[in-house]
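Structure file query.pdb (PDB, C-alpha atoms) follows.
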```pdb
ATOM      1  CA  MET S  29      81.792 198.610 148.605
ATOM      2  CA  CYS S  30      77.999 198.328 148.464
ATOM      3  CA  LEU S  31      76.948 195.911 145.758
ATOM      4  CA  LEU S  32      73.347 195.047 144.968
ATOM      5  CA  LYS S  33      71.213 192.139 146.060
ATOM      6  CA  VAL S  34      68.692 191.261 143.346
ATOM      7  CA  TYR S  35      65.269 189.790 144.076
ATOM      8  CA  LEU S  36      62.440 188.404 141.951
ATOM      9  CA  ASP S  37      58.983 189.316 143.240
ATOM     10  CA  ASP S  38      56.631 186.639 141.933
ATOM     11  CA  GLY S  39      54.201 186.761 144.829
ATOM     12  CA  GLY S  40      57.002 186.805 147.394
ATOM     13  CA  ARG S  41      60.508 188.213 147.162
ATOM     14  CA  ARG S  42      63.084 185.591 146.284
ATOM     15  CA  LEU S  43      66.811 186.375 146.326
ATOM     16  CA  ILE S  44      68.322 185.521 142.930
ATOM     17  CA  ALA S  45      71.751 187.209 143.006
ATOM     18  CA  THR S  46      74.169 188.955 145.359
ATOM     19  CA  ASP S  47      77.196 191.177 144.763
ATOM     20  CA  VAL S  48      75.741 192.626 141.554
ATOM     21  CA  ALA S  49      77.837 195.532 140.277
ATOM     22  CA  LEU S  50      75.912 196.397 137.089
ATOM     23  CA  ILE S  51      72.416 196.090 135.643
ATOM     24  CA  LEU S  52      72.269 196.560 131.889
ATOM     25  CA  ARG S  53      69.040 196.720 129.851
ATOM     26  CA  GLU S  54      69.164 194.500 126.769
ATOM     27  CA  GLU S  55      66.585 193.756 124.077
ATOM     28  CA  ASP S  56      65.370 190.573 125.706
ATOM     29  CA  GLY S  57      65.903 191.393 129.385
ATOM     30  CA  PHE S  58      68.400 192.673 131.922
ATOM     31  CA  ARG S  59      72.010 191.527 132.246
ATOM     32  CA  LEU S  60      73.413 191.401 135.765
ATOM     33  CA  GLY S  61      77.159 191.990 135.925
ATOM     34  CA  PHE S  62      79.450 190.945 138.748
ATOM     35  CA  LEU S  63      82.975 191.969 139.727
ATOM     36  CA  GLU S  64      84.248 188.537 138.735
ATOM     37  CA  PRO S  65      85.381 188.765 135.089
ATOM     38  CA  GLY S  66      83.156 186.922 132.642
ATOM     39  CA  LYS S  67      80.426 186.231 135.190
ATOM     40  CA  ASN S  68      76.969 187.539 134.281
ATOM     41  CA  VAL S  69      73.327 186.499 134.348
ATOM     42  CA  LEU S  70      70.569 187.396 131.883
ATOM     43  CA  LEU S  71      67.072 187.832 133.307
ATOM     44  CA  ARG S  72      64.361 187.457 130.663
ATOM     45  CA  LYS S  73      60.673 188.378 130.708
ATOM     46  CA  VAL S  74      60.997 190.663 133.733
ATOM     47  CA  VAL S  75      60.580 194.362 134.475
ATOM     48  CA  LEU S  76      62.460 196.402 137.030
ATOM     49  CA  GLN S  77      60.076 197.154 139.875
ATOM     50  CA  LEU S  78      62.378 198.828 142.410
ATOM     51  CA  LEU S  79      65.949 200.081 142.642
ATOM     52  CA  ASP S  80      66.858 201.057 146.204
ATOM     53  CA  ALA S  81      70.376 202.514 146.352
ATOM     54  CA  VAL S  82      70.239 203.206 150.098
ATOM     55  CA  ASN S  83      69.568 199.542 150.912
ATOM     56  CA  SER S  84      71.554 198.174 147.940
ATOM     57  CA  LEU S  85      68.750 196.163 146.396
ATOM     58  CA  ALA S  86      66.929 195.782 143.106
ATOM     59  CA  VAL S  87      63.587 194.020 142.673
ATOM     60  CA  PHE S  88      62.304 192.602 139.396
ATOM     61  CA  ARG S  89      58.878 191.163 138.672
ATOM     62  CA  PRO S  90      57.789 188.841 135.871
ATOM     63  CA  LEU S  91      56.102 190.350 132.811
ATOM     64  CA  GLU S  92      52.373 189.842 132.862
TER      65      GLU S  92
END
```

Starting from the file, give its structure as structure tokens.
Amino acid sequence: MCLLKVYLDDGGRRLIATDVALILREEDGFRLGFLEPGKNVLLRKVVLQLLDAVNSLAVFRPLE
């Protein structure tokens, strides 16, 4: 199974999460969902910059 690696690009790409199964847009950000029940992370004040399905990665950048 190919799950996503999620990076934050704030001048340099920094890995912030691995094994991400779902990215859900919410009012105040993006919720990252994992296979583990009940585990999730909310990213605030970011925009999705890149979603690369071939390489299983997503890159966010801070809002300006």

Residue members of the PyMOL selection byres ((chain S and resi 50) around 9) in the file shown, as a ChimeraX atom specification: /S:31-32,48-49,51-52,59-63

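When the PyMOL selection byres ((chain S and resi 72) around 10) is evaluated on the file shown here, the picked residues come out as Glu54, Glu55, Asp56, Gly57, Phe58, Arg59, Val69, Leu70, Leu71, Lys73, Val74, Val75, Pro90 and Leu91 of chain S.
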
Limited to C-alpha atoms, could you put the picked residues into a file as an mmCIF file, in the coordinates of the input?
```cif
data_model
loop_
_atom_site.group_PDB
_atom_site.id
_atom_site.type_symbol
_atom_site.label_atom_id
_atom_site.label_comp_id
_atom_site.auth_asym_id
_atom_site.auth_seq_id
_atom_site.Cartn_x
_atom_site.Cartn_y
_atom_site.Cartn_z
ATOM 1 C CA GLU S 54 69.164 194.500 126.769
ATOM 2 C CA GLU S 55 66.585 193.756 124.077
ATOM 3 C CA ASP S 56 65.370 190.573 125.706
ATOM 4 C CA GLY S 57 65.903 191.393 129.385
ATOM 5 C CA PHE S 58 68.400 192.673 131.922
ATOM 6 C CA ARG S 59 72.010 191.527 132.246
ATOM 7 C CA VAL S 69 73.327 186.499 134.348
ATOM 8 C CA LEU S 70 70.569 187.396 131.883
ATOM 9 C CA LEU S 71 67.072 187.832 133.307
ATOM 10 C CA LYS S 73 60.673 188.378 130.708
ATOM 11 C CA VAL S 74 60.997 190.663 133.733
ATOM 12 C CA VAL S 75 60.580 194.362 134.475
ATOM 13 C CA PRO S 90 57.789 188.841 135.871
ATOM 14 C CA LEU S 91 56.102 190.350 132.811
#
```

Explicit residues for the PyMOL selection byres ((chain S and resi 77) around 6) (as a VMD selection string): chain S and resid 76 78 87 to 88

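Pairwise distance (atom CA of S:Asn83, atom CA of S:Ile44) equals 16.2 Å.
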
Atom CA of S:Asp47 to atom CA of S:Cys30, distance in Å rounded to a single decimal: 8.1 Å
